Amino acid sequence: MLFRFEIARFGLVGIAATLVHAAILSMLIEWLALPVQLANISAFVVAFLVSYLGHHHWTFASDAGHKEAASKFLLTAIIGFIANVMIMELVVVQLGYHYLIGFICVVFSVPPATYVISRLWIF
């Protein structure tokens, strides 16, 4: 039962971070006409902060020190970010699909991997 609540909290924090990412990504592209790669990097940074703090304090209620947990989470996020950039590059730039299609592909691949790594290694 506790495991299900943890997954639910992970999902809610992930949804919050994803919504922040999507909102910033869309605003930077639509309002400021930034290239998708630059907009995606900016949105990712803000979403990272939402994600780390939410997972550390609420999802896993971790007592791990921020220095260790944040550095592990950052490494995981960097790997996730590289996957994110590669997916966006492939879907948007190479295949020519709308950036939201690329973003949807990211959402369905990166977060599940992040949960497993977070649960088993970080928190």
# chains A, B, ... in the order shown; residues from 1 in each chain; ligands from 1

$ closest_atom_pairs --of "range 57-118 of chain A" --to "range 31-49 of chain A" --cutoff "10 Å" --atoms "only C-alpha atoms" --output "Markdown table"
| residue | atom | partner | partner_atom | distance |
| --- | --- | --- | --- | --- |
| A:Ala70 | CA | A:Leu49 | CA | 9.9 |
| A:Phe73 | CA | A:Phe48 | CA | 9.1 |
| A:Leu74 | CA | A:Phe48 | CA | 8.3 |
| A:Ala77 | CA | A:Phe48 | CA | 7.3 |
| A:Ile78 | CA | A:Phe48 | CA | 9.8 |
| A:Phe81 | CA | A:Phe44 | CA | 7.6 |
| A:Asn84 | CA | A:Asn40 | CA | 8.8 |
| A:Val85 | CA | A:Gln37 | CA | 7.4 |
| A:Met88 | CA | A:Gln37 | CA | 7.9 |
| A:Glu89 | CA | A:Gln37 | CA | 7.9 |
| A:Val92 | CA | A:Val36 | CA | 8.4 |
| A:Val93 | CA | A:Val36 | CA | 8.9 |
| A:Tyr99 | CA | A:Val36 | CA | 7.4 |
| A:Phe103 | CA | A:Asn40 | CA | 9.3 |

$ residues_around --residues "range 108-118 of chain A" --least-positions-apart "2" --cutoff "9 Å" --atoms "only C-alpha atoms" --output "list in words"
Ile7, Phe10, Gly11, Gly14, His55, Phe60, Lys72, Phe73, Thr76, Ala77, Gly80, Phe81, Ala83, Asn84, Phe103, Ile104, Cys105, Val106, Leu120, Trp121, Ile122 and Phe123 of chain A

$ closest_residue --among "A:Ala22, A:Ile15, A:Leu90, A:Arg119" --to "Ala69 in chain A" --atoms "only C-alpha atoms"
A:Arg119

$ atom_distance --atom1 "CA of Val107 in chain A" --atom2 "CA of His21 in chain A"
10.4 Å

$ atom_distance --atom1 "CA of Val91 in chain A" --atom2 "CA of Tyr52 in chain A"
26.8 Å

$ select_by_dssp --residues "chain A" --states "alpha helix (DSSP H)" --output "JSON, numbers by chain"
{"A": [2, 3, 4, 5, 6, 7, 8, 9, 10, 11, 12, 13, 14, 15, 16, 17, 18, 19, 20, 21, 22, 23, 24, 25, 26, 27, 28, 29, 30, 36, 37, 38, 39, 40, 41, 42, 43, 44, 45, 46, 47, 48, 49, 50, 51, 52, 53, 54, 66, 67, 68, 69, 70, 71, 72, 73, 74, 75, 76, 77, 78, 79, 80, 81, 82, 83, 84, 85, 86, 87, 88, 99, 100, 101, 102, 103, 104, 105, 106, 107, 110, 111, 112, 113, 114, 115, 116, 117]}

$ closest_residue --among "A:Val13, A:Ile82, A:Ile87, A:Phe3" --to "Ile101 in chain A" --atoms "only C-alpha atoms"
A:Ile87
